[in-house]
Amino acid sequence: MMLTVAKFGGTSVADFDAMVRCANIIINRSDIRVVVVSASAGVTNHLVTLSQQLLSGIEQQQIIQQISDIQYAIINQLHEKQEAGNEIEEILAHLTELVGQQNTLQTAKTADAILSCGEQMSSRLFARVLRQRNCAGAYFDVRDVMATNSLHGKAVVDTDALQINSQTLLGPQLQDVVTVTQGFIGRDGLGNTTTLGRGGSDYSAALLAEAINADDLQIWTDVVGIFTTDPRIAKRAHAIGEISFGEAAEMATFGAKILHPATLIPAIRSSIPVFVGSSREPEAGGTRIMETVASKPTYRSIALRRQQTLVTVKSPAMLHASGFLAKVFAILASHELSVDLITTSEISVALTFDNPQGSTQAVITEKVVEELEQLCDVQVENNLSLVAVIGNELLRSRGVGSRVFDTIPDANVRMICHGASDNNLCFLVPEGEGEQIVQTLHDTLFV
Ligand code: ADP
Ligand code: ASP
Ligand code: MG
């Protein structure tokens, strides 16, 4: 039996009609046995607000009401309104309780419990929509298999435990029912709910595909595949039919929101081909991501990642000294911060960090800066965007640098990284210039 894991993102499960479109995809493809859903569009953002901001009781109630309205728009179209309503009310009551605690005890643990409510609700409702369409959809709590550490907001999955748990709990039911479960969430050894980071449902689906030895992973979203750049930025962007694991992984890493950065790690490790398509237009085809593809264009795509932080550390002690960088990195590691790009000069090092809005992950805090200042001068700049040109043999092809930078002669380029990978050339620009630069570059390189 072919075994496919299908993931449906927030817009794909935004409302009843969207859920029905997803249900039709599942009904038409008997190989889809595990379905991973995100929270309905907008819900996680509301939950992030509830978990991160100090709000008055009234403001909290208003946001919970908005979340409830999104769920009830779906419930009201179900045959079993009463039962579905009861299920959702239970979760909303728990959410209200957690938000109440949040005022007194603001912890990352509570924040994760709050954030997990979106997926808990959408998965329950989606299982009902499937059953209403006469498909044997069975709700499954992914936390029973998705074992993680306790790094709230950015939990690391124990893939061995996931595999064992999945074989025991999911394996036996794969033939009989379509399992409907949550992306994004997991559970630590203490029994607390954790989350894998914003956009993490793609990654959850890939991990589950690996754990059950699936033949295929499908990511159903709101665009008909992976484009040459974000179609919201460049109108002339077009879908890519086939792309290699390596190129797609670079795209995801460098911020193409279409895939969570870690999604392809399990897929590559276990050679599981990935398909990306639109749940609105399933017949329109999509992008296949696989180990090797026939075409290897020099320029494949451009990704834009907003809200980057640039930290420049400077110390005369670096001159001819060894061990300075190790100390800097030790401080960053102790705060669980991961560095993206690095450039160095004789006495300074520039480092970039991802700092996206609505993120639940650690950022450069005053504490980090204070610790670094014990070692060196520290300068922190925000409001920057990272532009990544992704392709093949970029290091071996002549003229890549001039082709890229001659196209954007007026850009205020703050940092350039090229040389570590044959698949990308990246640079930092002021946030306000990012979109225009991507449009110009895109239309020069791809149109
Ligand atoms: P989902 O809720 O289904 O996970 P996301 O909003 O996370 O969907 O990702 C889909 C969005 O990613 C698209 O609507 C598009 O704006 C954006 N995107 C960014 N880069 C690309 C790209 N190269 N190709 C396609 N979409 C992209
Ligand atoms: N619902 C989560 C988010 O919005 C996870 C996801 O959609 O992938 O980040
Ligand atoms: Mg996403």
# chains A, B, ... in the order shown; residues from 1 in each chain; ligands from 1

call {"tool": "closest_atom_pairs", "arguments": {"of": "stretch 88-184 of chain A", "to": "stretch 208-232 of chain A", "cutoff": "9 Å", "atoms": "only C-alpha atoms", "output": "tab-separated table"}}
result
residue	atom	partner	partner_atom	distance
A:Met146	CA	A:Leu208	CA	8.5
A:Thr159	CA	A:Ala211	CA	7.6
A:Asp160	CA	A:Ala211	CA	8.5
A:Leu162	CA	A:Ala211	CA	6.5
A:Gln163	CA	A:Ala211	CA	4.5
A:Ile164	CA	A:Ala211	CA	7.9
A:Asn165	CA	A:Ala211	CA	8.7
A:Ser166	CA	A:Ala211	CA	6.3
A:Gln167	CA	A:Ile212	CA	6.5
A:Leu170	CA	A:Ile212	CA	7.8
A:Gly171	CA	A:Ile212	CA	7.0

call {"tool": "residues_around", "arguments": {"residues": "A:Ala252", "least_positions_apart": "2", "cutoff": "12 Å", "atoms": "only C-alpha atoms", "output": "PyMOL selection string"}}
result
chain A and resi 199-200+202-203+226+229-230+245-250+254-265+301-305+388+390+424

call {"tool": "atom_distance", "arguments": {"atom1": "atom CA of A:Asn24", "atom2": "atom CA of A:Gln132"}}
result
11.5 Å

call {"tool": "residues_around", "arguments": {"residues": "stretch 45-51 of chain A", "least_positions_apart": "5", "cutoff": "12 Å", "atoms": "only C-alpha atoms", "output": "count of residues only"}}
result
52

call {"tool": "residues_around", "arguments": {"residues": "A:Thr181", "least_positions_apart": "5", "cutoff": "9 Å", "atoms": "only C-alpha atoms", "output": "number ranges by chain"}}
result
A: 34-37, 119-120, 123-124, 127, 138-142

call {"tool": "atom_distance", "arguments": {"atom1": "atom CA of A:Glu370", "atom2": "atom CA of A:Gly323"}}
result
19.3 Å
